[in-house]
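Take a look at the structure set out below.
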Amino acid sequence: MKKRVVIKIGTTVLTKPSGVINEVTIERIVDDVAELLNSGAEVIIVTSGAIGAGLGRLKLQGGSIREKQALASIGQGYLMSIYEKFFRKHNRLVAQVLLTSDDLAQRQRYLNARNTLLTLLSLGVVPVVNENDTVAVEEIKFGDNDRLSALVASKVEADQLVILTDVDGFFSQDPRVERKVKLIKEIETITPELEEKASGRGSQRGTGGMVTKLEAAKIATASGITMFIANGNKEKVLKEIWEGENPGTKFLPAKEKIVSRKRWIAFDTRIEGKIAVDEGAKEALLKRGKSLLPSGISRVEGRFNTGACVAVVDMEGKEFARGLTSYSSDEIEKIKGKKSSEIEKTLGYKDYDEVIHRDNLVILKE
């Protein structure tokens, strides 16, 4: 079975400080990817750089959301033409795949996107994925391409996710600011201390930083995927990883992998509300693998319909699970604290005994 690798290339790797696309760097990375393909790998590229490419072409600062969307629409075609040109040297076809969060949040569209990516891989084509920045307002604002790469890796059940950036990996402090820093070579668990170290790091040309990379690592490792953060400006870094070396920071996969449908619930769906439960219900969910019954619910936050994805929180408001509801927020408000046998009397009907069935519930690791 071929090894499947998702490679995310950041804006700071793809562009020069002026914002102009760095074709020399892209050609070098494409050459390295072609070497992986010839060694038997299946590769998906998640590319940033559309806004940066447009910035270099239009000479616009791109401060507002509308300007960034305009820059993305200009830059995306130009960026793809460069990938196509360099992969053609290796007799490889590329395919553009533009996604938004809605494409992942809706189950059927999620499966359609997954099937398209897997079909392209089976045909020997290199999918080049990017967020559809022209319409994805939130994604531009928060820089979700790191997260997108992890979602794509999870979707296709990749073996590895490699995030190429402009630093050597995850450091104890920002190496672009501090002199005395330590490269953390291997991370087994993402702790609050690590998240604190990551806060506030980003770049002017890109929209992400180390915070979004840690979020990507959470998704990837929970999906059973090994993730690397490495310096995309260094030569042969992809080959080193392919050959088993660690030129940056390696995130180890979780010992217990979340199954496919529950990965979709945990990472791809949009949270539409919250359900707070008492300690007894929390224990039943965490330790006994039970469904969430109305009797254990203390309060409901937000307005949502049946089938919505909600966060399940404890009495202190800390999320420990999420799942798809069997009832709407209005219905749950009426039956909360009651026994399942009282649902029909309260609502006049009873579709389910549980508010969230255990098959539609994902326990989140701390």
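Chain identifiers are assigned as A, B, and so on, following the order in which chains appear in the structure tokens; residues are numbered from 1 within each chain, and ligands are numbered from 1 in order of appearance.
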
Write out as a compact mmCIF listing (two decimals) with N, CA and C atoms, in the first residue's frame the residues lying within 12 Å of segment 310-312 of chain A, counting only C-alpha atoms and excluding same-chain residues fewer than 2 positions away.
```
# COMPACT_ATOMS: atom_id res chain seq x y z
N ILE A 265 -17.56 14.61 12.83
CA ILE A 265 -18.30 15.30 13.89
C ILE A 265 -17.37 16.18 14.73
N ALA A 266 -16.21 15.64 15.08
CA ALA A 266 -15.30 16.34 15.98
C ALA A 266 -14.65 17.56 15.35
N PHE A 267 -14.31 17.47 14.06
CA PHE A 267 -13.45 18.50 13.47
C PHE A 267 -14.07 19.31 12.34
N THR A 269 -17.65 19.69 11.47
CA THR A 269 -18.95 20.31 11.62
C THR A 269 -18.86 21.63 12.39
N ARG A 270 -19.82 22.49 12.15
CA ARG A 270 -19.85 23.79 12.82
C ARG A 270 -20.65 23.67 14.13
N ILE A 271 -20.09 24.15 15.22
CA ILE A 271 -20.76 24.10 16.51
C ILE A 271 -21.88 25.14 16.54
N GLU A 272 -23.11 24.68 16.78
CA GLU A 272 -24.27 25.58 16.72
C GLU A 272 -24.85 25.90 18.09
N GLY A 273 -24.36 25.25 19.14
CA GLY A 273 -24.87 25.53 20.47
C GLY A 273 -24.14 24.72 21.52
N LYS A 274 -24.60 24.83 22.76
CA LYS A 274 -23.98 24.09 23.87
C LYS A 274 -25.06 23.43 24.71
N ILE A 275 -24.70 22.26 25.24
CA ILE A 275 -25.55 21.58 26.21
C ILE A 275 -24.70 21.33 27.45
N ALA A 276 -25.14 21.87 28.59
CA ALA A 276 -24.42 21.67 29.85
C ALA A 276 -25.05 20.50 30.59
N VAL A 277 -24.18 19.63 31.13
CA VAL A 277 -24.67 18.43 31.81
C VAL A 277 -24.13 18.38 33.24
N ASP A 278 -24.82 17.62 34.09
CA ASP A 278 -24.37 17.48 35.48
C ASP A 278 -23.26 16.44 35.58
N ALA A 281 -24.09 12.76 34.50
CA ALA A 281 -24.15 12.56 33.05
C ALA A 281 -22.75 12.58 32.45
N LYS A 282 -21.90 13.49 32.94
CA LYS A 282 -20.53 13.56 32.44
C LYS A 282 -19.81 12.24 32.67
N LEU A 285 -20.99 9.53 30.27
CA LEU A 285 -20.46 9.71 28.92
C LEU A 285 -18.99 9.34 28.85
N LEU A 286 -18.21 9.82 29.82
CA LEU A 286 -16.76 9.63 29.78
C LEU A 286 -16.32 8.22 30.15
N SER A 291 -25.11 7.08 26.01
CA SER A 291 -25.71 8.18 25.27
C SER A 291 -26.11 9.28 26.26
N LEU A 292 -26.32 10.49 25.73
CA LEU A 292 -26.74 11.60 26.59
C LEU A 292 -28.26 11.61 26.69
N GLY A 296 -29.87 14.22 32.43
CA GLY A 296 -28.59 14.77 32.88
C GLY A 296 -28.30 16.17 32.40
N ILE A 297 -29.23 16.77 31.65
CA ILE A 297 -29.00 18.09 31.07
C ILE A 297 -29.48 19.19 32.02
N SER A 298 -28.61 20.16 32.26
CA SER A 298 -28.96 21.26 33.17
C SER A 298 -29.35 22.54 32.43
N ARG A 299 -28.73 22.80 31.27
CA ARG A 299 -29.10 24.00 30.52
C ARG A 299 -28.73 23.84 29.04
N VAL A 300 -29.36 24.67 28.22
CA VAL A 300 -29.13 24.67 26.78
C VAL A 300 -28.76 26.09 26.36
N GLU A 301 -27.73 26.22 25.52
CA GLU A 301 -27.31 27.53 25.03
C GLU A 301 -27.38 27.54 23.50
N GLY A 302 -27.93 28.62 22.94
CA GLY A 302 -28.02 28.75 21.49
C GLY A 302 -29.33 28.21 20.96
N ARG A 303 -29.61 28.55 19.69
CA ARG A 303 -30.80 28.05 18.99
C ARG A 303 -30.33 27.15 17.86
N PHE A 304 -30.84 25.94 17.81
CA PHE A 304 -30.43 25.00 16.77
C PHE A 304 -31.53 24.00 16.48
N ASN A 305 -31.44 23.39 15.31
CA ASN A 305 -32.42 22.41 14.87
C ASN A 305 -31.96 20.99 15.18
N THR A 306 -32.83 20.04 14.96
CA THR A 306 -32.47 18.63 15.10
C THR A 306 -31.32 18.29 14.15
N GLY A 307 -30.35 17.52 14.63
CA GLY A 307 -29.21 17.13 13.81
C GLY A 307 -28.04 18.10 13.87
N ALA A 308 -28.19 19.16 14.66
CA ALA A 308 -27.10 20.14 14.80
C ALA A 308 -25.95 19.54 15.60
N ASP A 314 -19.35 20.70 30.83
CA ASP A 314 -19.68 20.37 32.22
C ASP A 314 -20.24 21.60 32.92
N MET A 315 -20.46 21.50 34.22
CA MET A 315 -21.09 22.60 34.96
C MET A 315 -20.22 23.85 35.01
N GLU A 316 -18.92 23.69 34.75
CA GLU A 316 -18.00 24.83 34.73
C GLU A 316 -17.86 25.43 33.33
N GLY A 317 -18.55 24.84 32.37
CA GLY A 317 -18.51 25.35 31.01
C GLY A 317 -17.40 24.80 30.15
N LYS A 318 -16.67 23.79 30.63
CA LYS A 318 -15.57 23.21 29.87
C LYS A 318 -16.08 22.12 28.93
N GLU A 319 -15.77 22.26 27.66
CA GLU A 319 -16.21 21.28 26.67
C GLU A 319 -15.41 19.98 26.81
N PHE A 320 -16.10 18.86 26.84
CA PHE A 320 -15.44 17.57 26.91
C PHE A 320 -15.95 16.60 25.84
N ALA A 321 -16.98 17.01 25.11
CA ALA A 321 -17.53 16.16 24.05
C ALA A 321 -18.31 17.03 23.08
N ARG A 322 -18.60 16.49 21.91
CA ARG A 322 -19.52 17.14 20.99
C ARG A 322 -20.27 16.08 20.21
N GLY A 323 -21.45 16.44 19.74
CA GLY A 323 -22.24 15.43 19.05
C GLY A 323 -23.41 16.03 18.30
N LEU A 324 -24.12 15.16 17.58
CA LEU A 324 -25.28 15.55 16.78
C LEU A 324 -26.55 15.28 17.58
N THR A 325 -27.40 16.28 17.68
CA THR A 325 -28.57 16.18 18.54
C THR A 325 -29.74 15.45 17.87
N SER A 326 -30.52 14.77 18.68
CA SER A 326 -31.74 14.11 18.20
C SER A 326 -32.96 15.01 18.31
N TYR A 327 -32.80 16.13 19.01
CA TYR A 327 -33.89 17.09 19.19
C TYR A 327 -33.37 18.51 19.00
N SER A 328 -34.29 19.45 18.74
CA SER A 328 -33.92 20.86 18.60
C SER A 328 -33.68 21.49 19.97
N SER A 329 -33.13 22.70 19.96
CA SER A 329 -32.88 23.40 21.23
C SER A 329 -34.17 23.68 21.98
N VAL A 355 -30.93 12.38 23.85
CA VAL A 355 -30.73 13.68 23.19
C VAL A 355 -29.57 13.59 22.21
N ILE A 356 -28.50 12.88 22.59
CA ILE A 356 -27.40 12.57 21.67
C ILE A 356 -27.07 11.10 21.82
N ASN A 360 -23.33 9.11 17.78
CA ASN A 360 -23.18 10.47 17.25
C ASN A 360 -22.45 11.39 18.22
N LEU A 361 -21.72 10.79 19.17
CA LEU A 361 -21.04 11.54 20.22
C LEU A 361 -19.54 11.26 20.18
N VAL A 362 -18.75 12.31 20.27
CA VAL A 362 -17.29 12.18 20.28
C VAL A 362 -16.75 12.76 21.58
N ILE A 363 -15.99 11.95 22.29
CA ILE A 363 -15.32 12.43 23.50
C ILE A 363 -14.01 13.11 23.09
N LEU A 364 -13.80 14.32 23.55
CA LEU A 364 -12.60 15.08 23.18
C LEU A 364 -11.50 14.83 24.19
```

### Task
Looking only at alpha helix (DSSP H) from DSSP on the backbone, list the matching residues of segment 106-138 of chain A as JSON, numbers by chain.
{"A": [107, 108, 109, 110, 111, 112, 113, 114, 115, 116, 117, 118, 119, 120, 121, 122, 137, 138]}

### Which residue of A:Lys365, A:Arg147, A:His90, A:Lys290 approaches Lys8 of chain A most closely, using only C-alpha atoms
A:Arg147

### Task
Identify which of the residues A:Tyr83, A:Ser73, A:Glu67, A:Phe228 lies closest to Leu98 of chain A, counting only C-alpha atoms when measuring atom-to-atom distances.
A:Ser73

### Task
Find the residues around Asp146 of chain A up to 6 Å (only C-alpha atoms counted), leave out those fewer than 3 positions away in its own chain, and share them as an MDAnalysis selection string.
chainID A and resid 149 212:213 216

### Query
Of the candidates A:Asn38, A:Asn130, A:Asn233, A:Thr249, which shows the shortest atom-to-atom distance to Glu188 of chain A, using only C-alpha atoms?
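Of A:Asn38, A:Asn130, A:Asn233, A:Thr249, the one nearest Glu188 of chain A is A:Thr249, counting only C-alpha atoms.
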
### Shortest interatomic distance to Gln69 of chain A - which of A:Val135, A:Leu161, A:Val43, A:Val126, counting only C-alpha atoms
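Smallest distance to Gln69 of chain A is found for A:Val135.
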
### Query
Using only C-alpha atoms, which residues sit within 12 Å of Thr47 of chain A once same-chain residues fewer than 4 positions away are excluded, as number ranges by chain?
A: 6-15, 26, 29-30, 51-53, 75-76, 79-80, 82-83, 96-99, 127-133, 144-146, 148-149, 152, 162-165, 206
